[in-house]
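Here the structure comes first, spelled out in structure tokens, and everything after it is commentary.
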Amino acid sequence: MKVAFIFPGQGSQSIGMFDAWSDNHAAMQTINQASDALGQDLLSLMANGPAEDLNLTTNTQPVMLAASIAMYNAWIDAGGLVPAMMAGHSLGEYTALTAAGTLNLNDAVRLVRIRANAMQEAVPVGEGAMAAVLGLDDDAVREVCKQASNGQVVEAVNFNAPSQVVIAGHADAVDRACKIATENGARRAVALPVSAPFHSSLLAPAARVLAKALSDMHLKEPSVPVINNVDVQSPSSVSDITNALERQAWHPVRWVETIHAMKKHGITHLVECGPGKVLSGLTRRIDRDLVSLSISDPASLQATIETLQG
């Protein structure tokens with residue numbers, strides 16, 4: 001048995017997602033530390049919302065990182081094993097690097113708030129869009145984007161699972177791509193409720209902001225290999241990690257390849273650590289031979305410990 005941890009990204013947040021952890025000292029200590037670092041009551045935001053505030057990119061990214069790290073710290077505090085490898089989906093890559101000690105928690109929540117604001121400011125609200133295309137293979141989606149571009153940007157940006165690809169770019173081009181995808185046999189092409197075309201080349205300006213922010217922080221080599229989204233590699237040098245984070249904002253999330261790479265490294269069990277179970281569902285679609293587990297509350301933490309102890 002060889003275990004990897006994976007951390008969710010934006011979109012898995014919900015009101016009440018942290019309520020079950022109120023009696024867990026390690027988890028609460030983490031949230032309180034993150035709240036102090038940001039000067040914002042993250043616990044109240046998770047418990048009470050309102051939803052429109054929780055779903056603001058500038059809030060969602062630090063909240064998801066803090067909640068996921070809190071659950072990971074609770075796992076370690078309960079005697080859970082240190083995973084052999086880690087990865088995270090988009091924002092979750094920052095969580096993985098925090099869990100691996102590359103970033104400290106205070107820097108991490110501040111950094112992802114800077115990232116969130118930079119990604120939002122790169123494209124004015126309303127000019128960009130994202131959509132999920134279901135039922136076409138990767139190459140077919142790329143061809144659809146090519147046909148729909150018409151001088152604008154529309155690109156495949158999240159390769160989440162077989163026949164599940166997210167596209168992003170200019171709103172008009174994304175709309176055209178959805179229509180072409182449906183005409184070419186896609187089961188569905190669904191607009192996503194997001195405020196920016198994340199991971200498209202339109203987000204290149206965000207990379208420059210991230211580069212400056214990262215240069216002001218002290219990063220360390222990870223204690224556990226972290227497979228990145230942009231290259232599907234696990235660099236150990238701080239300069240390579242920093243470079244990958246800068247490019248990640250405006251390059252595709254290669255999640256299917258990430259899961260395949262973990263299996264090639266001998267991983268047999270994947271534990272999603274954080275609110276929701278989106279990644280666990282994707283794991284089952286990508287490779288049913290991998291054992292998919294999740295930690296989102298104290299009960300699932302205990303169940304995962306018992307499963308892995310056999």
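Each chain in the structure tokens gets a letter, A, B, ..., in the order shown, and its residues are numbered from 1; ligands are numbered from 1 in order too.
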Env of Leu219 in chain A: 12 Å cut, atoms = only C-alpha atoms, seq-sep filter 3 positions within chain, self excluded. Answer as a PDB file with N, CA, C and O atoms, in the first residue's frame.
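Dumped everything to part10.pdb:
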```pdb
ATOM      1  N   TYR A  94      -1.499  24.769  -4.010  1.00  0.00           N
ATOM      2  CA  TYR A  94      -0.950  25.598  -2.940  1.00  0.00           C
ATOM      3  C   TYR A  94      -1.166  24.925  -1.587  1.00  0.00           C
ATOM      4  O   TYR A  94      -0.306  24.993  -0.704  1.00  0.00           O
ATOM      5  N   LEU A  97       1.410  22.158  -1.265  1.00  0.00           N
ATOM      6  CA  LEU A  97       2.737  22.708  -0.958  1.00  0.00           C
ATOM      7  C   LEU A  97       2.809  23.200   0.486  1.00  0.00           C
ATOM      8  O   LEU A  97       3.876  23.151   1.108  1.00  0.00           O
ATOM      9  N   THR A  98       1.691  23.651   1.026  1.00  0.00           N
ATOM     10  CA  THR A  98       1.655  24.044   2.437  1.00  0.00           C
ATOM     11  C   THR A  98       1.755  22.816   3.329  1.00  0.00           C
ATOM     12  O   THR A  98       2.519  22.784   4.306  1.00  0.00           O
ATOM     13  N   ALA A 100       3.182  20.135   2.590  1.00  0.00           N
ATOM     14  CA  ALA A 100       4.529  19.591   2.428  1.00  0.00           C
ATOM     15  C   ALA A 100       5.613  20.512   3.000  1.00  0.00           C
ATOM     16  O   ALA A 100       6.800  20.182   2.907  1.00  0.00           O
ATOM     17  N   GLY A 101       5.210  21.638   3.586  1.00  0.00           N
ATOM     18  CA  GLY A 101       6.161  22.522   4.252  1.00  0.00           C
ATOM     19  C   GLY A 101       6.863  23.527   3.354  1.00  0.00           C
ATOM     20  O   GLY A 101       7.728  24.276   3.825  1.00  0.00           O
ATOM     21  N   THR A 102       6.506  23.585   2.071  1.00  0.00           N
ATOM     22  CA  THR A 102       7.137  24.561   1.178  1.00  0.00           C
ATOM     23  C   THR A 102       6.703  25.974   1.532  1.00  0.00           C
ATOM     24  O   THR A 102       7.501  26.913   1.509  1.00  0.00           O
ATOM     25  N   LEU A 103       5.426  26.134   1.845  1.00  0.00           N
ATOM     26  CA  LEU A 103       4.877  27.408   2.302  1.00  0.00           C
ATOM     27  C   LEU A 103       4.424  27.267   3.741  1.00  0.00           C
ATOM     28  O   LEU A 103       3.888  26.220   4.121  1.00  0.00           O
ATOM     29  N   ASN A 104       4.628  28.316   4.556  1.00  0.00           N
ATOM     30  CA  ASN A 104       4.001  28.279   5.875  1.00  0.00           C
ATOM     31  C   ASN A 104       2.565  28.794   5.748  1.00  0.00           C
ATOM     32  O   ASN A 104       2.209  29.456   4.760  1.00  0.00           O
ATOM     33  N   LEU A 105       1.740  28.460   6.708  1.00  0.00           N
ATOM     34  CA  LEU A 105       0.310  28.749   6.599  1.00  0.00           C
ATOM     35  C   LEU A 105       0.034  30.239   6.436  1.00  0.00           C
ATOM     36  O   LEU A 105      -0.796  30.635   5.601  1.00  0.00           O
ATOM     37  N   ASP A 107       1.888  32.666   5.173  1.00  0.00           N
ATOM     38  CA  ASP A 107       2.222  33.099   3.816  1.00  0.00           C
ATOM     39  C   ASP A 107       1.245  32.517   2.806  1.00  0.00           C
ATOM     40  O   ASP A 107       0.847  33.182   1.840  1.00  0.00           O
ATOM     41  N   ALA A 108       0.846  31.276   3.011  1.00  0.00           N
ATOM     42  CA  ALA A 108      -0.005  30.591   2.029  1.00  0.00           C
ATOM     43  C   ALA A 108      -1.357  31.273   1.875  1.00  0.00           C
ATOM     44  O   ALA A 108      -1.818  31.499   0.746  1.00  0.00           O
ATOM     45  N   LEU A 111      -0.869  34.547   0.181  1.00  0.00           N
ATOM     46  CA  LEU A 111      -0.493  34.367  -1.218  1.00  0.00           C
ATOM     47  C   LEU A 111      -1.707  34.025  -2.079  1.00  0.00           C
ATOM     48  O   LEU A 111      -1.873  34.567  -3.177  1.00  0.00           O
ATOM     49  N   ALA A 213       4.812  38.439  -5.718  1.00  0.00           N
ATOM     50  CA  ALA A 213       4.409  37.978  -4.383  1.00  0.00           C
ATOM     51  C   ALA A 213       5.290  36.832  -3.904  1.00  0.00           C
ATOM     52  O   ALA A 213       5.717  36.797  -2.739  1.00  0.00           O
ATOM     53  N   LEU A 214       5.575  35.889  -4.788  1.00  0.00           N
ATOM     54  CA  LEU A 214       6.402  34.746  -4.419  1.00  0.00           C
ATOM     55  C   LEU A 214       7.834  35.162  -4.091  1.00  0.00           C
ATOM     56  O   LEU A 214       8.477  34.570  -3.216  1.00  0.00           O
ATOM     57  N   SER A 215       8.325  36.189  -4.769  1.00  0.00           N
ATOM     58  CA  SER A 215       9.697  36.646  -4.519  1.00  0.00           C
ATOM     59  C   SER A 215       9.841  37.253  -3.132  1.00  0.00           C
ATOM     60  O   SER A 215      10.958  37.334  -2.599  1.00  0.00           O
ATOM     61  N   ASP A 216       8.724  37.672  -2.546  1.00  0.00           N
ATOM     62  CA  ASP A 216       8.749  38.286  -1.215  1.00  0.00           C
ATOM     63  C   ASP A 216       8.571  37.261  -0.095  1.00  0.00           C
ATOM     64  O   ASP A 216       8.546  37.624   1.079  1.00  0.00           O
ATOM     65  N   PRO A 222      10.028  20.922  -0.540  1.00  0.00           N
ATOM     66  CA  PRO A 222       8.949  20.136   0.068  1.00  0.00           C
ATOM     67  C   PRO A 222       9.474  18.886   0.766  1.00  0.00           C
ATOM     68  O   PRO A 222      10.429  18.255   0.304  1.00  0.00           O
ATOM     69  N   SER A 223       8.843  18.535   1.857  1.00  0.00           N
ATOM     70  CA  SER A 223       9.222  17.327   2.602  1.00  0.00           C
ATOM     71  C   SER A 223       8.653  16.070   1.952  1.00  0.00           C
ATOM     72  O   SER A 223       9.107  14.961   2.226  1.00  0.00           O
ATOM     73  N   SER A 236      11.836  19.660  -6.768  1.00  0.00           N
ATOM     74  CA  SER A 236      12.184  19.887  -5.359  1.00  0.00           C
ATOM     75  C   SER A 236      12.795  21.260  -5.145  1.00  0.00           C
ATOM     76  O   SER A 236      12.757  21.776  -4.025  1.00  0.00           O
ATOM     77  N   SER A 237      13.357  21.861  -6.178  1.00  0.00           N
ATOM     78  CA  SER A 237      14.001  23.161  -5.995  1.00  0.00           C
ATOM     79  C   SER A 237      12.949  24.268  -5.905  1.00  0.00           C
ATOM     80  O   SER A 237      11.935  24.244  -6.612  1.00  0.00           O
ATOM     81  N   VAL A 238      13.206  25.227  -5.044  1.00  0.00           N
ATOM     82  CA  VAL A 238      12.271  26.332  -4.836  1.00  0.00           C
ATOM     83  C   VAL A 238      12.066  27.124  -6.122  1.00  0.00           C
ATOM     84  O   VAL A 238      10.941  27.528  -6.441  1.00  0.00           O
ATOM     85  N   SER A 239      13.108  27.330  -6.889  1.00  0.00           N
ATOM     86  CA  SER A 239      12.974  28.115  -8.124  1.00  0.00           C
ATOM     87  C   SER A 239      12.060  27.414  -9.122  1.00  0.00           C
ATOM     88  O   SER A 239      11.232  28.060  -9.783  1.00  0.00           O
ATOM     89  N   ASP A 240      12.174  26.093  -9.224  1.00  0.00           N
ATOM     90  CA  ASP A 240      11.307  25.345 -10.144  1.00  0.00           C
ATOM     91  C   ASP A 240       9.861  25.341  -9.663  1.00  0.00           C
ATOM     92  O   ASP A 240       8.920  25.429 -10.469  1.00  0.00           O
ATOM     93  N   ILE A 241       9.664  25.228  -8.364  1.00  0.00           N
ATOM     94  CA  ILE A 241       8.312  25.255  -7.803  1.00  0.00           C
ATOM     95  C   ILE A 241       7.671  26.616  -8.036  1.00  0.00           C
ATOM     96  O   ILE A 241       6.506  26.714  -8.456  1.00  0.00           O
ATOM     97  N   THR A 242       8.423  27.664  -7.784  1.00  0.00           N
ATOM     98  CA  THR A 242       7.930  29.023  -7.987  1.00  0.00           C
ATOM     99  C   THR A 242       7.546  29.255  -9.447  1.00  0.00           C
ATOM    100  O   THR A 242       6.478  29.807  -9.749  1.00  0.00           O
TER     101      THR A 242
END
```
Using only C-alpha atoms, what does the table of range 142-161 of chain A residues within 12 Å of range 127-133 of chain A look like, with each row giving the shortest atom pair and its distance in Å to one decimal, sorted by chain and ascending number, as CSV?
```
residue,atom,partner,partner_atom,distance
A:Arg142,CA,A:Val133,CA,10.9
A:Val144,CA,A:Val133,CA,10.2
A:Cys145,CA,A:Val133,CA,10.9
A:Gln152,CA,A:Gly128,CA,10.7
A:Val153,CA,A:Gly128,CA,9.3
A:Val154,CA,A:Met130,CA,8.9
A:Glu155,CA,A:Met130,CA,9.4
A:Ala156,CA,A:Val133,CA,9.4
A:Val157,CA,A:Met130,CA,9.0
A:Asn158,CA,A:Ala132,CA,8.9
A:Phe159,CA,A:Ala132,CA,10.0
A:Asn160,CA,A:Ala132,CA,9.8
A:Ala161,CA,A:Val133,CA,10.9
```
Please produce an output containing all heavy atoms for each residue in the selection, written as a JSON list (two decimals), in the first residue's frame.
```json
[["chain", "number", "residue", "atom", "x", "y", "z"],
["A", 142, "ARG", "N", -10.27, 20.22, -28.02],
["A", 142, "ARG", "CA", -9.28, 21.17, -28.56],
["A", 142, "ARG", "C", -9.70, 21.64, -29.95],
["A", 142, "ARG", "O", -9.56, 22.82, -30.30],
["A", 142, "ARG", "CB", -7.90, 20.52, -28.60],
["A", 142, "ARG", "CG", -7.27, 20.25, -27.24],
["A", 142, "ARG", "CD", -5.84, 19.78, -27.39],
["A", 142, "ARG", "NE", -5.21, 19.44, -26.13],
["A", 142, "ARG", "CZ", -5.08, 18.19, -25.67],
["A", 142, "ARG", "NH1", -5.53, 17.17, -26.39],
["A", 142, "ARG", "NH2", -4.50, 17.96, -24.52],
["A", 144, "VAL", "N", -12.76, 21.74, -31.17],
["A", 144, "VAL", "CA", -13.92, 22.62, -31.00],
["A", 144, "VAL", "C", -13.47, 24.04, -30.66],
["A", 144, "VAL", "O", -13.98, 25.03, -31.22],
["A", 144, "VAL", "CB", -14.85, 22.07, -29.89],
["A", 144, "VAL", "CG1", -15.83, 23.14, -29.41],
["A", 144, "VAL", "CG2", -15.61, 20.86, -30.39],
["A", 145, "CYS", "N", -12.51, 24.15, -29.76],
["A", 145, "CYS", "CA", -12.00, 25.47, -29.37],
["A", 145, "CYS", "C", -11.36, 26.18, -30.56],
["A", 145, "CYS", "O", -11.55, 27.39, -30.75],
["A", 145, "CYS", "CB", -11.00, 25.33, -28.23],
["A", 145, "CYS", "SG", -11.73, 24.85, -26.65],
["A", 152, "GLN", "N", -10.68, 35.22, -31.11],
["A", 152, "GLN", "CA", -10.71, 35.37, -29.66],
["A", 152, "GLN", "C", -10.05, 34.16, -29.02],
["A", 152, "GLN", "O", -9.62, 33.22, -29.69],
["A", 152, "GLN", "CB", -12.15, 35.51, -29.16],
["A", 152, "GLN", "CG", -12.84, 36.80, -29.59],
["A", 152, "GLN", "CD", -14.22, 36.93, -29.01],
["A", 152, "GLN", "OE1", -15.04, 36.01, -29.10],
["A", 152, "GLN", "NE2", -14.51, 38.07, -28.39],
["A", 153, "VAL", "N", -9.98, 34.18, -27.67],
["A", 153, "VAL", "CA", -9.37, 33.08, -26.93],
["A", 153, "VAL", "C", -10.46, 32.16, -26.39],
["A", 153, "VAL", "O", -11.41, 32.61, -25.75],
["A", 153, "VAL", "CB", -8.52, 33.61, -25.75],
["A", 153, "VAL", "CG1", -8.10, 32.47, -24.83],
["A", 153, "VAL", "CG2", -7.29, 34.34, -26.27],
["A", 154, "VAL", "N", -10.35, 30.88, -26.68],
["A", 154, "VAL", "CA", -11.11, 29.84, -26.00],
["A", 154, "VAL", "C", -10.24, 28.59, -26.03],
["A", 154, "VAL", "O", -9.77, 28.17, -27.08],
["A", 154, "VAL", "CB", -12.50, 29.58, -26.62],
["A", 154, "VAL", "CG1", -12.42, 29.23, -28.10],
["A", 154, "VAL", "CG2", -13.24, 28.49, -25.85],
["A", 155, "GLU", "N", -10.00, 28.03, -24.84],
["A", 155, "GLU", "CA", -9.01, 26.96, -24.69],
["A", 155, "GLU", "C", -9.51, 25.89, -23.73],
["A", 155, "GLU", "O", -10.31, 26.18, -22.83],
["A", 155, "GLU", "CB", -7.70, 27.54, -24.15],
["A", 155, "GLU", "CG", -7.07, 28.59, -25.05],
["A", 155, "GLU", "CD", -6.10, 29.51, -24.30],
["A", 155, "GLU", "OE1", -6.19, 29.61, -23.06],
["A", 155, "GLU", "OE2", -5.27, 30.14, -24.99],
["A", 156, "ALA", "N", -9.03, 24.68, -23.91],
["A", 156, "ALA", "CA", -9.25, 23.62, -22.92],
["A", 156, "ALA", "C", -8.31, 23.87, -21.75],
["A", 156, "ALA", "O", -7.09, 23.96, -21.93],
["A", 156, "ALA", "CB", -8.97, 22.26, -23.54],
["A", 157, "VAL", "N", -8.87, 24.00, -20.55],
["A", 157, "VAL", "CA", -8.04, 24.44, -19.41],
["A", 157, "VAL", "C", -8.02, 23.48, -18.22],
["A", 157, "VAL", "O", -7.10, 23.55, -17.41],
["A", 157, "VAL", "CB", -8.48, 25.84, -18.92],
["A", 157, "VAL", "CG1", -8.27, 26.89, -20.00],
["A", 157, "VAL", "CG2", -9.93, 25.85, -18.44],
["A", 158, "ASN", "N", -9.02, 22.62, -18.10],
["A", 158, "ASN", "CA", -9.02, 21.63, -17.02],
["A", 158, "ASN", "C", -9.33, 20.27, -17.61],
["A", 158, "ASN", "O", -10.46, 20.04, -18.07],
["A", 158, "ASN", "CB", -10.10, 21.92, -15.95],
["A", 158, "ASN", "CG", -9.79, 23.13, -15.10],
["A", 158, "ASN", "OD1", -8.73, 23.73, -15.21],
["A", 158, "ASN", "ND2", -10.73, 23.49, -14.25],
["A", 159, "PHE", "N", -8.34, 19.38, -17.59],
["A", 159, "PHE", "CA", -8.57, 18.01, -18.05],
["A", 159, "PHE", "C", -8.86, 17.17, -16.81],
["A", 159, "PHE", "O", -7.97, 16.58, -16.20],
["A", 159, "PHE", "CB", -7.35, 17.51, -18.82],
["A", 159, "PHE", "CG", -7.08, 18.31, -20.07],
["A", 159, "PHE", "CD1", -6.20, 19.38, -20.06],
["A", 159, "PHE", "CD2", -7.74, 18.01, -21.25],
["A", 159, "PHE", "CE1", -5.96, 20.12, -21.21],
["A", 159, "PHE", "CE2", -7.52, 18.73, -22.41],
["A", 159, "PHE", "CZ", -6.62, 19.81, -22.39],
["A", 160, "ASN", "N", -10.14, 17.14, -16.42],
["A", 160, "ASN", "CA", -10.52, 16.64, -15.10],
["A", 160, "ASN", "C", -10.71, 15.14, -15.04],
["A", 160, "ASN", "O", -10.43, 14.51, -14.02],
["A", 160, "ASN", "CB", -11.81, 17.33, -14.64],
["A", 160, "ASN", "CG", -11.58, 18.77, -14.23],
["A", 160, "ASN", "OD1", -10.47, 19.13, -13.84],
["A", 160, "ASN", "ND2", -12.61, 19.58, -14.32],
["A", 161, "ALA", "N", -11.24, 14.58, -16.12],
["A", 161, "ALA", "CA", -11.53, 13.14, -16.17],
["A", 161, "ALA", "C", -11.78, 12.80, -17.64],
["A", 161, "ALA", "O", -11.97, 13.69, -18.46],
["A", 161, "ALA", "CB", -12.75, 12.80, -15.33]]
```
Practice task
May I ask which of the residues A:Ala116, A:Val232, A:Val224, A:Leu279 is the closest one to Leu56 in chain A, counting only C-alpha atoms?
Solution key: A:Ala116
Shell around range 282-296 of chain A at 6 Å using only C-alpha atoms, local window under 5 positions removed, as a tab-separated table (two decimals) with all heavy atoms, in the first residue's frame:
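The result, written out as around.tsv:
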```
chain	number	residue	atom	x	y	z
A	161	ALA	N	-11.24	14.58	-16.12
A	161	ALA	CA	-11.53	13.14	-16.17
A	161	ALA	C	-11.78	12.80	-17.64
A	161	ALA	O	-11.97	13.69	-18.46
A	161	ALA	CB	-12.75	12.80	-15.33
A	268	THR	N	-1.34	3.47	-4.47
A	268	THR	CA	-2.49	2.56	-4.52
A	268	THR	C	-3.74	3.17	-3.90
A	268	THR	O	-4.86	2.78	-4.24
A	268	THR	CB	-2.17	1.26	-3.76
A	268	THR	OG1	-1.80	1.60	-2.38
A	268	THR	CG2	-1.02	0.50	-4.42
A	269	HIS	N	-3.56	4.13	-2.97
A	269	HIS	CA	-4.67	4.74	-2.26
A	269	HIS	C	-4.57	6.27	-2.38
A	269	HIS	O	-3.51	6.84	-2.09
A	269	HIS	CB	-4.66	4.37	-0.78
A	269	HIS	CG	-4.95	2.92	-0.52
A	269	HIS	ND1	-4.12	1.90	-0.95
A	269	HIS	CD2	-5.98	2.32	0.15
A	269	HIS	CE1	-4.63	0.74	-0.57
A	269	HIS	NE2	-5.74	0.96	0.10
A	270	LEU	N	-5.66	6.91	-2.78
A	270	LEU	CA	-5.71	8.37	-2.88
A	270	LEU	C	-6.71	8.90	-1.86
A	270	LEU	O	-7.86	8.48	-1.84
A	270	LEU	CB	-6.14	8.80	-4.28
A	270	LEU	CG	-5.06	8.86	-5.36
A	270	LEU	CD1	-5.70	9.15	-6.71
A	270	LEU	CD2	-4.04	9.93	-5.03
A	271	VAL	N	-6.25	9.83	-1.03
A	271	VAL	CA	-7.10	10.43	0.00
A	271	VAL	C	-7.35	11.88	-0.35
A	271	VAL	O	-6.41	12.70	-0.39
A	271	VAL	CB	-6.45	10.33	1.39
A	271	VAL	CG1	-7.36	10.97	2.44
A	271	VAL	CG2	-6.16	8.88	1.75
A	272	GLU	N	-8.60	12.23	-0.63
A	272	GLU	CA	-8.96	13.63	-0.83
A	272	GLU	C	-9.14	14.26	0.54
A	272	GLU	O	-9.93	13.79	1.36
A	272	GLU	CB	-10.25	13.76	-1.63
A	272	GLU	CG	-10.68	15.21	-1.81
A	272	GLU	CD	-11.92	15.38	-2.67
A	272	GLU	OE1	-12.56	14.35	-2.99
A	272	GLU	OE2	-12.25	16.53	-3.01
A	273	CYS	N	-8.42	15.34	0.81
A	273	CYS	CA	-8.44	15.99	2.12
A	273	CYS	C	-8.94	17.42	1.96
A	273	CYS	O	-8.23	18.28	1.44
A	273	CYS	CB	-7.05	15.97	2.74
A	273	CYS	SG	-6.97	16.64	4.41
A	274	GLY	N	-10.16	17.67	2.41
A	274	GLY	CA	-10.73	19.00	2.30
A	274	GLY	C	-12.23	18.93	2.08
A	274	GLY	O	-12.81	17.85	1.92
A	275	PRO	N	-12.88	20.09	2.07
A	275	PRO	CA	-14.34	20.11	1.88
A	275	PRO	C	-14.76	19.47	0.56
A	275	PRO	O	-14.09	19.61	-0.47
A	275	PRO	CB	-14.66	21.61	1.87
A	275	PRO	CG	-13.54	22.24	2.67
A	275	PRO	CD	-12.33	21.42	2.32
A	301	LEU	N	-12.41	11.09	8.77
A	301	LEU	CA	-11.01	11.00	9.16
A	301	LEU	C	-10.76	9.68	9.88
A	301	LEU	O	-9.81	8.94	9.56
A	301	LEU	CB	-10.61	12.18	10.05
A	301	LEU	CG	-9.15	12.28	10.48
A	301	LEU	CD1	-8.77	13.73	10.75
A	301	LEU	CD2	-8.87	11.47	11.75
```
Near Ala78 in chain A, within 12 Å and counting only C-alpha atoms, which residues show up once chain neighbours fewer than 5 positions away are dropped, as a compact mmCIF listing (two decimals) with all heavy atoms, in the first residue's frame?
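For reference, part_36.txt as written:
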```txt
# COMPACT_ATOMS: atom_id res chain seq x y z
N ASN A 24 -12.37 19.86 17.40
CA ASN A 24 -11.04 19.33 17.08
C ASN A 24 -9.99 20.42 17.26
O ASN A 24 -9.98 21.40 16.52
CB ASN A 24 -11.03 18.79 15.65
CG ASN A 24 -9.73 18.08 15.32
OD1 ASN A 24 -8.69 18.70 15.16
ND2 ASN A 24 -9.79 16.75 15.22
N HIS A 25 -9.12 20.24 18.24
CA HIS A 25 -8.17 21.29 18.60
C HIS A 25 -7.22 21.63 17.44
O HIS A 25 -7.00 22.82 17.14
CB HIS A 25 -7.36 20.86 19.82
CG HIS A 25 -6.27 21.84 20.19
ND1 HIS A 25 -6.54 23.08 20.76
CD2 HIS A 25 -4.91 21.78 20.04
CE1 HIS A 25 -5.40 23.72 20.96
NE2 HIS A 25 -4.41 22.96 20.53
N ALA A 26 -6.66 20.62 16.80
CA ALA A 26 -5.69 20.88 15.74
C ALA A 26 -6.34 21.63 14.58
O ALA A 26 -5.74 22.57 14.02
CB ALA A 26 -5.09 19.56 15.25
N ALA A 27 -7.55 21.25 14.22
CA ALA A 27 -8.24 21.91 13.11
C ALA A 27 -8.60 23.35 13.47
O ALA A 27 -8.38 24.27 12.67
CB ALA A 27 -9.51 21.13 12.74
N MET A 71 -7.85 20.25 8.12
CA MET A 71 -8.21 18.83 8.12
C MET A 71 -6.96 17.95 8.02
O MET A 71 -6.90 16.89 8.65
CB MET A 71 -9.19 18.54 6.98
CG MET A 71 -10.52 19.24 7.15
SD MET A 71 -11.67 18.96 5.77
CE MET A 71 -12.82 20.33 6.02
N TYR A 72 -5.98 18.40 7.26
CA TYR A 72 -4.73 17.64 7.17
C TYR A 72 -4.01 17.65 8.52
O TYR A 72 -3.49 16.61 8.97
CB TYR A 72 -3.82 18.22 6.09
CG TYR A 72 -2.51 17.47 5.95
CD1 TYR A 72 -2.47 16.22 5.33
CD2 TYR A 72 -1.32 17.99 6.45
CE1 TYR A 72 -1.29 15.51 5.22
CE2 TYR A 72 -0.13 17.30 6.33
CZ TYR A 72 -0.12 16.06 5.72
OH TYR A 72 1.07 15.36 5.61
N ASN A 73 -3.97 18.80 9.19
CA ASN A 73 -3.33 18.87 10.50
C ASN A 73 -4.06 18.00 11.53
O ASN A 73 -3.43 17.40 12.40
CB ASN A 73 -3.26 20.32 10.97
CG ASN A 73 -2.24 21.14 10.21
OD1 ASN A 73 -1.37 20.58 9.53
ND2 ASN A 73 -2.32 22.46 10.29
N PRO A 298 -14.67 14.74 10.99
CA PRO A 298 -13.98 13.82 11.90
C PRO A 298 -14.35 12.35 11.69
O PRO A 298 -13.51 11.46 11.85
CB PRO A 298 -14.41 14.31 13.28
CG PRO A 298 -14.66 15.77 13.09
CD PRO A 298 -15.29 15.86 11.73
N LEU A 301 -12.41 11.09 8.77
CA LEU A 301 -11.01 11.00 9.16
C LEU A 301 -10.76 9.68 9.88
O LEU A 301 -9.81 8.94 9.56
CB LEU A 301 -10.61 12.18 10.05
CG LEU A 301 -9.15 12.28 10.48
CD1 LEU A 301 -8.77 13.73 10.75
CD2 LEU A 301 -8.87 11.47 11.75
N GLN A 302 -11.62 9.36 10.84
CA GLN A 302 -11.45 8.11 11.60
C GLN A 302 -11.62 6.90 10.69
O GLN A 302 -10.87 5.92 10.80
CB GLN A 302 -12.46 8.06 12.75
CG GLN A 302 -12.24 6.90 13.70
CD GLN A 302 -10.86 6.88 14.33
OE1 GLN A 302 -10.33 7.93 14.71
NE2 GLN A 302 -10.26 5.69 14.45
N ALA A 303 -12.58 6.97 9.79
CA ALA A 303 -12.82 5.85 8.87
C ALA A 303 -11.62 5.63 7.96
O ALA A 303 -11.24 4.48 7.66
CB ALA A 303 -14.06 6.12 8.03
N THR A 304 -10.98 6.73 7.54
CA THR A 304 -9.81 6.61 6.67
C THR A 304 -8.63 6.02 7.42
O THR A 304 -7.91 5.17 6.89
CB THR A 304 -9.45 8.00 6.08
OG1 THR A 304 -10.55 8.48 5.31
CG2 THR A 304 -8.21 7.91 5.20
N ILE A 305 -8.43 6.44 8.66
CA ILE A 305 -7.37 5.85 9.49
C ILE A 305 -7.58 4.34 9.63
O ILE A 305 -6.64 3.54 9.45
CB ILE A 305 -7.33 6.52 10.88
CG1 ILE A 305 -6.72 7.92 10.77
CG2 ILE A 305 -6.52 5.67 11.86
CD1 ILE A 305 -6.66 8.68 12.08
N GLU A 306 -8.81 3.93 9.91
CA GLU A 306 -9.10 2.51 10.09
C GLU A 306 -8.90 1.74 8.79
O GLU A 306 -8.37 0.62 8.80
CB GLU A 306 -10.54 2.34 10.59
CG GLU A 306 -10.71 2.85 12.03
CD GLU A 306 -12.16 2.90 12.46
OE1 GLU A 306 -13.05 2.48 11.65
OE2 GLU A 306 -12.44 3.37 13.58
```
Handout entry: Neighbour list for Asn48 in chain A as a PyMOL selection string, cut-off 9 Å, only C-alpha atoms, skip fewer than 5 positions in-chain
Key = chain A and resi 15-16+43
Go ahead and write the residues just picked, all heavy atoms, as a PDB file, in the first residue's frame.
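Full text of again32.pdb as output:
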```pdb
ATOM      1  N   ILE A  15     -21.562  26.552   2.704  1.00  0.00           N
ATOM      2  CA  ILE A  15     -21.867  26.995   4.057  1.00  0.00           C
ATOM      3  C   ILE A  15     -21.947  25.778   4.970  1.00  0.00           C
ATOM      4  O   ILE A  15     -22.574  24.774   4.638  1.00  0.00           O
ATOM      5  CB  ILE A  15     -23.208  27.761   4.093  1.00  0.00           C
ATOM      6  CG1 ILE A  15     -23.167  28.995   3.180  1.00  0.00           C
ATOM      7  CG2 ILE A  15     -23.536  28.179   5.528  1.00  0.00           C
ATOM      8  CD1 ILE A  15     -22.173  30.041   3.592  1.00  0.00           C
ATOM      9  N   GLY A  16     -21.293  25.849   6.124  1.00  0.00           N
ATOM     10  CA  GLY A  16     -21.321  24.755   7.092  1.00  0.00           C
ATOM     11  C   GLY A  16     -20.271  23.692   6.862  1.00  0.00           C
ATOM     12  O   GLY A  16     -20.238  22.683   7.582  1.00  0.00           O
ATOM     13  N   LEU A  43     -13.778  31.333  10.193  1.00  0.00           N
ATOM     14  CA  LEU A  43     -14.723  30.374  10.774  1.00  0.00           C
ATOM     15  C   LEU A  43     -16.157  30.874  10.615  1.00  0.00           C
ATOM     16  O   LEU A  43     -17.049  30.118  10.222  1.00  0.00           O
ATOM     17  CB  LEU A  43     -14.403  30.141  12.252  1.00  0.00           C
ATOM     18  CG  LEU A  43     -15.180  29.003  12.922  1.00  0.00           C
ATOM     19  CD1 LEU A  43     -14.837  27.665  12.273  1.00  0.00           C
ATOM     20  CD2 LEU A  43     -14.875  28.966  14.420  1.00  0.00           C
TER      21      LEU A  43
END
```
Handout entry: Those in range 164-273 of chain A with strand (DSSP E or B) from DSSP, as a list in words
Key = Gln164, Val165, Val166, Ile167, Ala168, Gly169, His170, Arg188, Ala189, Val190, Ala191, Val226, Ile227, Val253, His269, Leu270, Val271, Glu272 and Cys273 of chain A
